[in-house]
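Trainee: One structure is given below, represented as structure tokens, and several questions about it will come after.
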Amino acid sequence: MRLIAIVALFALGLLRLSAQTTTTSFLDLYAFTLTSGQPGTNDDGAYPAAGLILSGNTLFGTTTVGGSAGYGTIFQVNTDGSDFNTLYTFTNGVDGSTPMAPLLFADGVLYGTASAGGESDYGTVFAISVEATNFSALYAFTNGADGARPESGLLLAGGALCGTTTGTMSGSSYGSLFMLNTNGAGFSVLHRFSAPVSGINNDGFSPSGTLILQGGLLYGVTTDGGRHGTGTLFEAATNGSSFDTFYSFSAVSLSLTNAGGANPQGGLVSSGNVLYGAAYFGGANGYGTIFSYDTAHTAFSPIYAFSGGEDYIHPQGPLILSSNLLYGTTADTIFSVTTNGTEFTDVFSTNNADDFGPNGGLVFAGQTFYDTTQDSGTNEVGMVFAVSMVPSAIPLTIQQAPDAVILTWSNPAFLLQSAPALTGPFTNVTGANSPYTYPATGSQAFFRLLAN
């Protein structure tokens with residue numbers, strides 16, 4: 001991990017600061033129980049496929065199977081792992097089945113999508129109060145112009161719910177962008193994705209991830225299709241008056257490499273006019289990328305390409321943005337990367353815990369990540385987990401000497417860097433091992449420790 005305390009020199013006497021580094025701790029908050037029979041039933045659900053949402057100290061999520069009827073559940077659990085409760089069990093009737101998307105919380109109500117079931121067996125939009133009363137199937141998809149198989153979460157925009165469907169395996173539907181009121185009325189299709197020819201079309205197909213709203217427009221990604229068959233970025237007006245595919249990912253080679261990434265998954269996050277996302281394949285090594293798109297300047301940039309080394313491969317699920325850090329997951333890790341792509345950190349990985357495999361859709365609160373896994377945990381049918389980042393200190397001691405200062409630090413894994421100003425640029429001090437004598441050749445200098 002990186003960071004760092006910085007101190008200005010030269011001052012008389014002894015200065016002692018602490019360089020902040022971070023360790024992580026892992027906690028299995030709740031392990032789902034085994035199912036029995038066909039369909040597999042239990043009390044709590046199994047195989048959660050989506051991330052969580054947080055309200056106060058309570059996490060809410062869904063499982064794809066299990067529950068008393070075997071078709072998935074809605075659950076809640078406290079952030080310390082206590083008070084697990086199954087709020088609802090899907091029956092594969094008009095309510096739906098197999099929820100695969102994160103929930104949306106608004107005004108005491110949980111909204112979500114079920115990827116199957118409903119009156120036509122193509123999925124539903126549902127609502128349930130957090131007190132587990134008044135469950136309602138708001139809409140049942142028909143595999144017509146409305147689409148089929150909603151597998152992404154919902155967005156609340158102007159008091160209405162917006163979402164996407166992925167389409168069917170048979171290819172009769174390739175996904176849709178829809179809107180409806182929170183009471184289920186006023187359903188409308190904002191865009192229906194077109195049928196591809198040899199995997200190629202103009203607008204993409206199989207939208208992935210929860211939409212975001214920016215400047216009155218909805219933004220999202222498709223995993224497939226576009227001009228090269230490797231996915232698209234799109235925007236749409238919330239009233240359905242416009243739809244634009246403003247970027248098509250480039251073609252990939254036989255080794256799945258390209259310039260910017262391919263097959264984006266998990267939707268987008270935004271900061272000002274800049275959108276950020278993750279592509280599962282593509283990039284210089286074929287293992288996926290983190291990318292940005294500046295909507296003000298219509299500029300696409302791959303900011304980080306996964307190498308298959310310590311950064312693992314194939315980013316999945318949505319990213320979250322905190323300050324200048326993007327956090328995300330691979331099948332084995334939680335990672336961070338700066339928004340300019342210059343610094344990548346393996347925050348947590350299977351090197352630290354064998355029982356892992358995040359689904360993506362991290363929740364980050366109080367220096368702790370929360371997420372689910374689909375097939376790990378005590379019973380290997382999924383769990384809810386927490387990873388806390390715990391700061392620890394590495395002392396940096398600076399003592400004046402004749403025409404020099406002496407710098408000492410305890411951890412040899414950290415490099416000493418210096419800069420002429422607090423804002424940098426910082427460069428490695430060649431040959432600096434603790435203790436290190438730094439000659440007093442200027443009016444001031446700034447130092448920091450950086451993980452090697």
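Please note that chains go A, B, ... in the order of the structure tokens, that every chain numbers its residues from 1, and that ligands are numbered from 1 in the order shown.
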Given only C-alpha atoms, how would the per-residue table for stretch 251-331 of chain A near stretch 216-224 of chain A read, listing every residue at most 10 Å away with its closest atom pair and distance in Å to one decimal, sorted by chain and number, as CSV?
Mentor:
residue,atom,partner,partner_atom,distance
A:Ala262,CA,A:Thr223,CA,8.0
A:Asn263,CA,A:Thr223,CA,4.5
A:Pro264,CA,A:Thr223,CA,5.2
A:Gln265,CA,A:Thr223,CA,6.0
A:Gly266,CA,A:Val221,CA,7.9
A:Gly267,CA,A:Gly220,CA,5.5
A:Leu268,CA,A:Gly220,CA,6.3
A:Val269,CA,A:Tyr219,CA,9.3
A:Ser270,CA,A:Tyr219,CA,9.6
A:Leu275,CA,A:Tyr219,CA,8.9
A:Gly277,CA,A:Val221,CA,8.7
A:Ala278,CA,A:Val221,CA,9.9
A:Ala279,CA,A:Thr223,CA,8.6
A:Tyr280,CA,A:Thr223,CA,9.0
Trainee: At what distance in Å, to one decimal, does atom CA of A:Leu110 lie from atom CA of A:Ser129?
Mentor: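 Pair atom CA of A:Ser129 / atom CA of A:Leu110 returns 5.9 Å.
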Trainee: Can you list, as a PyMOL selection string, every protein, DNA or RNA residue that comes within 12 Å of A:Gly366 when you count only C-alpha atoms, leaving out same-chain residues fewer than 4 positions away?
Mentor: chain A and resi 54+56-57+79+322+370+386-390
Trainee: May I have the residues within 6 Å of A:Tyr47 as a list in words, using only C-alpha atoms and disregarding those fewer than 5 positions away in the same chain?
Mentor: Thr63, Thr64, Gln374, Asp375, Val381 and Gly382 of chain A
Trainee: How many Å separate atom CA of A:Ile313 from atom CA of A:Phe291?
Mentor: 14.9 Å
Trainee: Quick one: everything within 8 Å of A:Ser248, counting only C-alpha atoms, minus sequence neighbours fewer than 6 positions away in the same chain. Send it as a list in words.
Mentor: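 Neighbouring residues, sequence-local ones excluded: Gly226, Arg227, His228, Thr230, Gly231, Thr232 and Leu233 of chain A.
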Trainee: For A:Thr210, find every residue with an atom within 9 Å (counting only C-alpha atoms), except residues of its own chain fewer than 6 positions away, and show them as a ChimeraX atom specification.
Mentor: /A:101-102,152-155,162-164,220,266-268,318
Trainee: Rounded to one decimal, what separation in Å do you get between atom CA of A:Thr23 and atom CA of A:Ile406?
Mentor: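 Atom-to-atom, atom CA of A:Thr23 and atom CA of A:Ile406 are spaced 27.9 Å apart.
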Trainee: Got a sec to tell me which of stretch 116-283 of chain A DSSP assigns to strand (DSSP E), as number ranges by chain?
Mentor: A: 124-129, 136-140, 155-157, 160-165, 176-181, 188-192, 205-214, 217-224, 232-237, 243-248, 262-271, 274-281
Trainee: When you look at stretch 33-42 of chain A with a cut-off of 6 Å (counting only C-alpha atoms), what residues show up, excluding the ones that are within fewer than 4 positions of it in the same chain? I need them as a list in words.
Mentor: Gly66, Gly67, Ser68, Ala69 and Gly70 of chain A
Trainee: Using C-alpha atoms, can you export the residues from the last selection as a PDB file, in the first residue's frame?
Mentor:
ATOM      1  CA  GLY A  66     -33.070 -20.546  -1.944  1.00  0.00           C
ATOM      2  CA  GLY A  67     -35.647 -19.287   0.486  1.00  0.00           C
ATOM      3  CA  SER A  68     -38.722 -21.286   1.383  1.00  0.00           C
ATOM      4  CA  ALA A  69     -39.793 -21.571  -2.278  1.00  0.00           C
ATOM      5  CA  GLY A  70     -36.317 -21.941  -3.786  1.00  0.00           C
TER       6      GLY A  70
END
Trainee: Would you mind telling me which residue in A:Ser206, A:Ser336, A:Asn201, A:Thr368 lies nearest to A:Glu151 when using only C-alpha atoms?
Mentor: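 Going through A:Ser206, A:Ser336, A:Asn201, A:Thr368 one by one, the smallest distance to A:Glu151 is for A:Ser206.
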Trainee: Smallest atom-to-atom distance to A:Tyr293: which of A:Tyr122, A:Tyr88, A:Tyr276, A:Tyr438, using only C-alpha atoms?
Mentor: A:Tyr276
Trainee: Would you please work out which residue, of A:Ala296, A:Leu416, A:Ala445, A:Gly282, is nearest to A:Gly431 when using only C-alpha atoms?
Mentor: A:Leu416
